[in-house]
file data27.txt (compact mmCIF, C-alpha atoms)
# COMPACT_ATOMS: atom_id res chain seq x y z
CA MET A 1 -104.88 12.72 13.76
CA LYS A 2 -104.81 15.43 16.45
CA ALA A 3 -105.64 12.84 19.11
CA LEU A 4 -102.76 10.67 17.89
CA LEU A 5 -100.34 13.61 17.95
CA ASP A 6 -101.47 14.50 21.46
CA LEU A 7 -100.58 10.99 22.57
CA VAL A 8 -97.11 11.16 21.01
CA LEU A 9 -96.41 14.83 21.77
CA PRO A 10 -98.90 15.89 24.45
CA VAL A 11 -99.82 19.58 24.36
CA ARG A 12 -99.40 21.34 27.68
CA CYS A 13 -100.15 24.86 28.84
CA GLY A 14 -97.06 27.05 28.73
CA GLY A 15 -98.02 28.64 32.04
CA CYS A 16 -99.09 25.75 34.26
CA ALA A 17 -98.38 22.55 32.25
CA ARG A 18 -102.06 21.58 32.16
CA ALA A 19 -102.54 18.93 29.50
CA GLY A 20 -104.62 19.44 26.38
CA THR A 21 -104.09 23.14 25.67
CA PRO A 22 -101.10 25.35 24.82
CA TRP A 23 -102.46 28.17 27.01
CA CYS A 24 -105.28 27.70 29.48
CA GLY A 25 -107.95 30.17 30.52
CA ALA A 26 -106.66 30.45 34.09
CA CYS A 27 -103.18 31.51 32.96
CA ALA A 28 -104.66 33.91 30.41
CA ALA A 29 -106.77 35.50 33.14
CA GLU A 30 -103.80 35.86 35.49
CA LEU A 31 -101.73 37.74 32.92
CA THR A 32 -104.50 40.24 32.25
CA THR A 33 -104.97 41.41 35.85
CA GLY A 34 -102.31 44.11 35.51
CA PRO A 35 -100.30 45.93 34.55
CA VAL A 36 -98.49 46.91 37.74
CA ARG A 37 -95.99 49.74 38.13
CA VAL A 38 -92.44 48.63 38.87
CA ARG A 39 -89.34 50.62 39.78
CA PRO A 40 -86.07 48.96 38.75
CA ARG A 41 -82.76 49.77 40.45
CA THR A 42 -81.52 51.45 37.27
CA ASP A 43 -84.14 54.06 36.41
CA PRO A 44 -84.70 54.40 32.63
CA GLY A 45 -86.41 57.76 33.14
CA VAL A 46 -89.90 56.64 32.08
CA PRO A 47 -92.61 54.65 33.88
CA CYS A 48 -92.05 50.87 33.85
CA TRP A 49 -94.95 48.43 33.89
CA ALA A 50 -95.15 44.64 34.13
CA LEU A 51 -97.96 42.18 33.55
CA ARG A 52 -96.89 40.09 36.54
CA PRO A 53 -93.94 39.46 38.88
CA TYR A 54 -91.34 36.95 37.71
CA ARG A 55 -93.02 33.86 39.08
CA GLY A 56 -95.91 31.54 38.33
CA PRO A 57 -97.43 31.26 34.85
CA ALA A 58 -95.80 34.45 33.55
CA LYS A 59 -92.30 33.25 34.40
CA ARG A 60 -92.92 29.76 33.07
CA ALA A 61 -94.34 31.11 29.80
CA VAL A 62 -91.36 33.41 29.26
CA LEU A 63 -88.92 30.57 29.92
CA ALA A 64 -90.88 28.20 27.67
CA ALA A 65 -90.78 30.73 24.82
CA LYS A 66 -87.08 31.52 25.32
CA GLU A 67 -85.57 28.20 26.28
CA HIS A 68 -87.92 25.52 24.96
CA GLY A 69 -88.95 26.83 21.56
CA ARG A 70 -92.61 27.46 22.41
CA ARG A 71 -93.34 29.75 19.47
CA ASP A 72 -97.05 29.07 20.01
CA LEU A 73 -96.95 31.24 23.14
CA ALA A 74 -96.25 34.43 21.17
CA ASP A 75 -99.94 35.04 20.48
CA PRO A 76 -101.27 34.61 24.05
CA LEU A 77 -98.39 36.63 25.47
CA GLY A 78 -99.00 39.26 22.81
CA ALA A 79 -102.69 39.34 23.69
CA ALA A 80 -101.82 39.90 27.36
CA LEU A 81 -99.46 42.74 26.43
CA ALA A 82 -102.17 44.24 24.23
CA ALA A 83 -104.69 44.15 27.09
CA ALA A 84 -102.23 46.07 29.26
CA LEU A 85 -101.55 48.59 26.52
CA VAL A 86 -105.26 49.28 26.13
CA ARG A 87 -105.22 50.43 29.77
CA LEU A 88 -102.03 52.47 29.41
CA ARG A 89 -102.33 54.17 26.02
CA SER A 90 -104.07 57.38 25.03
CA ALA A 91 -107.18 56.60 23.00
CA ASP A 92 -106.61 59.34 20.43
CA ARG A 93 -102.94 58.72 19.53
CA PRO A 94 -101.24 56.05 17.42
CA LEU A 95 -99.07 53.56 19.27
CA VAL A 96 -95.62 52.29 18.29
CA LEU A 97 -94.02 49.30 20.01
CA ILE A 98 -90.25 48.83 19.92
CA PRO A 99 -88.96 45.40 21.00
CA ALA A 100 -85.93 45.43 23.28
CA PRO A 101 -82.85 43.95 21.60
CA THR A 102 -81.82 40.30 21.91
CA ARG A 103 -78.38 38.79 21.39
CA THR A 104 -78.11 37.43 17.85
CA SER A 105 -76.70 34.12 19.03
CA ALA A 106 -79.54 33.68 21.50
CA ALA A 107 -82.18 34.47 18.89
CA ARG A 108 -80.55 32.02 16.49
CA SER A 109 -80.55 29.22 19.05
CA ARG A 110 -84.21 29.93 19.89
CA GLY A 111 -85.37 29.90 16.28
CA GLY A 112 -86.07 33.62 16.33
CA ASP A 113 -86.62 36.42 18.80
CA PRO A 114 -89.46 35.68 21.29
CA VAL A 115 -89.71 39.34 22.33
CA ALA A 116 -90.11 40.51 18.74
CA ARG A 117 -92.72 37.81 18.09
CA SER A 118 -94.89 38.63 21.10
CA THR A 119 -94.54 42.37 20.39
CA ALA A 120 -95.72 41.87 16.82
CA CYS A 121 -98.65 39.81 18.07
CA ALA A 122 -99.55 42.55 20.56
CA ALA A 123 -99.60 45.14 17.78
CA GLY A 124 -101.87 42.88 15.76
CA TRP A 125 -104.48 42.94 18.52
CA LEU A 126 -104.59 46.76 18.70
CA ILE A 127 -106.07 49.50 16.53
CA ASP A 128 -103.65 52.05 15.07
CA CYS A 129 -100.59 50.25 16.41
CA ARG A 130 -97.41 49.04 14.76
CA THR A 131 -94.12 47.52 15.83
CA VAL A 132 -90.77 48.87 14.67
CA GLY A 133 -87.73 46.65 15.09
CA LEU A 134 -85.09 49.28 15.61
CA LEU A 135 -82.62 48.16 18.29
CA ARG A 136 -79.72 45.72 17.94
CA LEU A 137 -76.94 44.51 20.21
CA ARG A 138 -73.32 44.80 19.17
CA PRO A 139 -71.19 41.64 19.35
CA GLY A 140 -69.58 40.89 22.69
CA VAL A 141 -72.58 41.29 24.99
CA ARG A 142 -72.57 38.57 27.65
CA ASP A 143 -75.57 36.63 28.88
CA SER A 144 -76.90 38.71 31.77
CA VAL A 145 -77.90 35.77 33.97
CA GLY A 146 -76.06 36.05 37.28
CA LEU A 147 -74.84 39.62 36.71
CA GLY A 148 -75.52 42.36 39.26
CA SER A 149 -76.93 45.78 38.40
CA ARG A 150 -73.51 47.42 37.86
CA GLU A 151 -72.26 44.44 35.84
CA ARG A 152 -75.38 44.50 33.66
CA ALA A 153 -74.99 48.22 33.03
CA HIS A 154 -71.31 47.79 32.14
CA ASN A 155 -72.14 44.81 29.91
CA LEU A 156 -74.60 46.90 27.87
CA ALA A 157 -72.83 50.27 27.87
CA HIS A 158 -72.61 51.47 24.25
CA LYS A 159 -73.53 47.97 23.05
CA ILE A 160 -77.08 48.81 21.89
CA ILE A 161 -77.40 50.51 18.53
CA ALA A 162 -80.24 51.83 16.40
CA VAL A 163 -80.47 50.25 12.97
CA THR A 164 -81.50 52.47 10.03
CA PRO A 165 -82.67 55.30 12.32
CA ALA A 166 -83.79 57.59 9.48
CA THR A 167 -86.03 54.89 8.00
CA ALA A 168 -87.41 54.02 11.41
CA ARG A 169 -88.28 57.62 12.24
CA GLY A 170 -90.29 57.73 9.04
CA ARG A 171 -92.41 54.83 10.32
CA ILE A 172 -93.20 56.59 13.61
CA PRO A 173 -95.97 59.21 13.40
CA ALA A 174 -95.09 62.56 14.96
CA ASN A 175 -97.83 62.29 17.59
CA ALA A 176 -97.32 58.60 18.39
CA GLU A 177 -96.87 57.13 21.82
CA VAL A 178 -93.79 54.90 21.83
CA VAL A 179 -93.44 51.98 24.23
CA LEU A 180 -90.36 49.79 24.71
CA VAL A 181 -91.38 46.13 25.15
CA ASP A 182 -89.36 43.32 26.75
CA ASP A 183 -89.97 39.96 28.38
CA VAL A 184 -88.24 40.45 31.76
CA LEU A 185 -87.23 43.58 33.67
CA THR A 186 -84.50 42.80 36.20
CA THR A 187 -82.24 45.75 37.04
CA GLY A 188 -83.46 48.09 34.29
CA ALA A 189 -80.08 48.16 32.50
CA THR A 190 -81.43 47.08 29.10
CA ALA A 191 -84.35 49.50 29.27
CA THR A 192 -82.12 52.38 30.33
CA GLU A 193 -79.56 51.87 27.56
CA SER A 194 -82.29 51.28 24.97
CA ILE A 195 -84.08 54.50 25.85
CA ARG A 196 -80.79 56.42 25.85
CA VAL A 197 -80.06 55.21 22.31
CA LEU A 198 -83.56 55.98 21.08
CA SER A 199 -83.53 59.46 22.62
CA ARG A 200 -80.28 60.27 20.81
CA ILE A 201 -82.02 59.76 17.45
CA GLY A 202 -85.11 61.72 18.43
CA ILE A 203 -87.40 58.87 19.52
CA HIS A 204 -88.70 59.28 23.06
CA PRO A 205 -90.54 56.30 24.59
CA CYS A 206 -93.16 57.19 27.15
CA ALA A 207 -93.07 53.84 28.97
CA VAL A 208 -91.54 50.39 29.28
CA LEU A 209 -93.83 47.34 29.33
CA VAL A 210 -92.58 43.85 30.17
CA THR A 211 -94.19 40.47 30.73
CA CYS A 212 -92.41 39.91 34.07
CA ALA A 213 -90.60 42.02 36.64
CA ALA A 214 -87.91 40.19 38.59

call {"tool": "encode", "arguments": {"input": "data27.txt", "output": "structure tokens"}}
result
Amino acid sequence: MKALLDLVLPVRCGGCARAGTPWCGACAAELTTGPVRVRPRTDPGVPCWALRPYRGPAKRAVLAAKEHGRRDLADPLGAALAAALVRLRSADRPLVLIPAPTRTSAARSRGGDPVARSTACAAGWLIDCRTVGLLRLRPGVRDSVGLGSRERAHNLAHKIIAVTPATARGRIPANAEVVLVDDVLTTGATATESIRVLSRIGIHPCAVLVTCAA
């Protein structure tokens, strides 16, 4: 049956389009060579890290997950994020991952939120780690494609909110390291506004980790 399905709907790697596998070993290896430090134009005030630049398998996997419904890529992308977090985290502290917010309309058209899915998968690979979905976008946020750094900042100003902050704080241990997770870091506008909102309710991320840095 699998062979028949592969003939009708051939499985291809989300990073390089190699036939026969949803995620090949070469692409998996490339995404676990980092993370690398990046410095966006808008500084969120904490260190920013990326698995890879926005090109090659990392870029293609992000686009496949966002634009082509490749839900099966959440686990390999999550595993790559987890490998980076092992290098970045303190061994003796719990870890909390907060997915960056996604426009509701975009998540609906994609059959869910790819960032939240890969973040949850990353947490599943790690000991003493959890994900807390805390941030939401208000209505009226435009798609950021094609916007410059000032336009992106204006587009997001006061448009990110924390949902049920009191409940969320109860799920974050007092000594936890908190990391904001996203798929692409472009100008840093989303990360900066997200961290500003979190800081106002007493949650202070120590880093931003993304799959790709543009």

call {"tool": "closest_residue", "arguments": {"input": "data27.txt", "among": "A:Val115, A:Val96, A:Ala122, A:Val46", "to": "Asp75 in chain A", "atoms": "all atoms listed in the file"}}
result
A:Ala122

call {"tool": "atom_distance", "arguments": {"input": "data27.txt", "atom1": "CA of Ala189 in chain A", "atom2": "CA of Thr42 in chain A"}}
result
6.0 Å

call {"tool": "atom_distance", "arguments": {"input": "data27.txt", "atom1": "CA of Pro47 in chain A", "atom2": "CA of Val208 in chain A"}}
result
6.4 Å

call {"tool": "residues_around", "arguments": {"input": "data27.txt", "residues": "Cys212 in chain A", "least_positions_apart": "5", "cutoff": "7 Å", "atoms": "only C-alpha atoms", "output": "PyMOL selection string"}}
result
chain A and resi 50-54+58-59+183-185

call {"tool": "closest_residue", "arguments": {"input": "data27.txt", "among": "A:Leu198, A:Leu95, A:Ala80, A:Leu63", "to": "Gly25 in chain A", "atoms": "only C-alpha atoms"}}
result
A:Ala80

call {"tool": "closest_residue", "arguments": {"input": "data27.txt", "among": "A:Ala26, A:Leu180, A:Pro173, A:Pro76", "to": "Cys206 in chain A", "atoms": "only C-alpha atoms"}}
result
A:Leu180

call {"tool": "atom_distance", "arguments": {"input": "data27.txt", "atom1": "CA of Ala79 in chain A", "atom2": "CA of Thr102 in chain A"}}
result
21.0 Å

call {"tool": "residues_near_point", "arguments": {"input": "data27.txt", "point": "(-95.2, 57.6, 26.8)", "cutoff": "7 Å", "atoms": "all atoms listed in the file", "output": "list of chain:residue names"}}
result
A:Glu177, A:Val178, A:Val179, A:Pro205, A:Cys206, A:Ala207

call {"tool": "residues_around", "arguments": {"input": "data27.txt", "residues": "Ile160 in chain A", "least_positions_apart": "5", "cutoff": "9 Å", "atoms": "only C-alpha atoms", "output": "list in words"}}
result
Pro101, Leu135, Arg136, Leu137, Arg138, Thr190, Glu193, Ser194 and Val197 of chain A

call {"tool": "closest_residue", "arguments": {"input": "data27.txt", "among": "A:Arg103, A:Arg93, A:Arg39, A:Lys159", "to": "Arg196 in chain A", "atoms": "only C-alpha atoms"}}
result
A:Lys159

call {"tool": "residues_around", "arguments": {"input": "data27.txt", "residues": "range 85-87 of chain A", "least_positions_apart": "2", "cutoff": "10 Å", "atoms": "only C-alpha atoms", "output": "short mmCIF file (atom, residue, chain, number, x, y, z; two decimals) with C-alpha atoms, in the frame of the given file"}}
result
data_model
loop_
_atom_site.label_atom_id
_atom_site.label_comp_id
_atom_site.auth_asym_id
_atom_site.auth_seq_id
_atom_site.Cartn_x
_atom_site.Cartn_y
_atom_site.Cartn_z
CA GLY A 34 -102.31 44.11 35.51
CA PRO A 35 -100.30 45.93 34.55
CA TRP A 49 -94.95 48.43 33.89
CA ALA A 79 -102.69 39.34 23.69
CA ALA A 80 -101.82 39.90 27.36
CA LEU A 81 -99.46 42.74 26.43
CA ALA A 82 -102.17 44.24 24.23
CA ALA A 83 -104.69 44.15 27.09
CA ARG A 89 -102.33 54.17 26.02
CA SER A 90 -104.07 57.38 25.03
CA ALA A 91 -107.18 56.60 23.00
CA LEU A 95 -99.07 53.56 19.27
CA LEU A 97 -94.02 49.30 20.01
CA ALA A 122 -99.55 42.55 20.56
CA ALA A 123 -99.60 45.14 17.78
CA TRP A 125 -104.48 42.94 18.52
CA LEU A 126 -104.59 46.76 18.70
CA ILE A 127 -106.07 49.50 16.53
CA VAL A 179 -93.44 51.98 24.23
CA LEU A 209 -93.83 47.34 29.33
#

call {"tool": "residues_around", "arguments": {"input": "data27.txt", "residues": "Ala65 in chain A", "least_positions_apart": "5", "cutoff": "10 Å", "atoms": "only C-alpha atoms", "output": "PyMOL selection string"}}
result
chain A and resi 14+60+70-74+77+110+113-115+117-118+183

call {"tool": "write_last_selection", "arguments": {"input": "data27.txt", "atoms": "C-alpha atoms", "output": "short mmCIF file (atom, residue, chain, number, x, y, z; two decimals), in the coordinates of the input"}}
result
data_model
loop_
_atom_site.label_atom_id
_atom_site.label_comp_id
_atom_site.auth_asym_id
_atom_site.auth_seq_id
_atom_site.Cartn_x
_atom_site.Cartn_y
_atom_site.Cartn_z
CA GLY A 14 -97.06 27.05 28.73
CA ARG A 60 -92.92 29.76 33.07
CA ARG A 70 -92.61 27.46 22.41
CA ARG A 71 -93.34 29.75 19.47
CA ASP A 72 -97.05 29.07 20.01
CA LEU A 73 -96.95 31.24 23.14
CA ALA A 74 -96.25 34.43 21.17
CA LEU A 77 -98.39 36.63 25.47
CA ARG A 110 -84.21 29.93 19.89
CA ASP A 113 -86.62 36.42 18.80
CA PRO A 114 -89.46 35.68 21.29
CA VAL A 115 -89.71 39.34 22.33
CA ARG A 117 -92.72 37.81 18.09
CA SER A 118 -94.89 38.63 21.10
CA ASP A 183 -89.97 39.96 28.38
#

call {"tool": "residues_around", "arguments": {"input": "data27.txt", "residues": "Ala17 in chain A", "least_positions_apart": "4", "cutoff": "12 Å", "atoms": "all atoms listed in the file", "output": "short mmCIF file (atom, residue, chain, number, x, y, z; two decimals) with C-alpha atoms, in the frame of the given file"}}
result
data_model
loop_
_atom_site.label_atom_id
_atom_site.label_comp_id
_atom_site.auth_asym_id
_atom_site.auth_seq_id
_atom_site.Cartn_x
_atom_site.Cartn_y
_atom_site.Cartn_z
CA PRO A 10 -98.90 15.89 24.45
CA VAL A 11 -99.82 19.58 24.36
CA ARG A 12 -99.40 21.34 27.68
CA CYS A 13 -100.15 24.86 28.84
CA THR A 21 -104.09 23.14 25.67
CA PRO A 22 -101.10 25.35 24.82
CA TRP A 23 -102.46 28.17 27.01
CA CYS A 24 -105.28 27.70 29.48
CA ALA A 26 -106.66 30.45 34.09
CA CYS A 27 -103.18 31.51 32.96
CA GLY A 56 -95.91 31.54 38.33
CA PRO A 57 -97.43 31.26 34.85
CA ARG A 60 -92.92 29.76 33.07
CA ALA A 61 -94.34 31.11 29.80
CA ALA A 64 -90.88 28.20 27.67
#
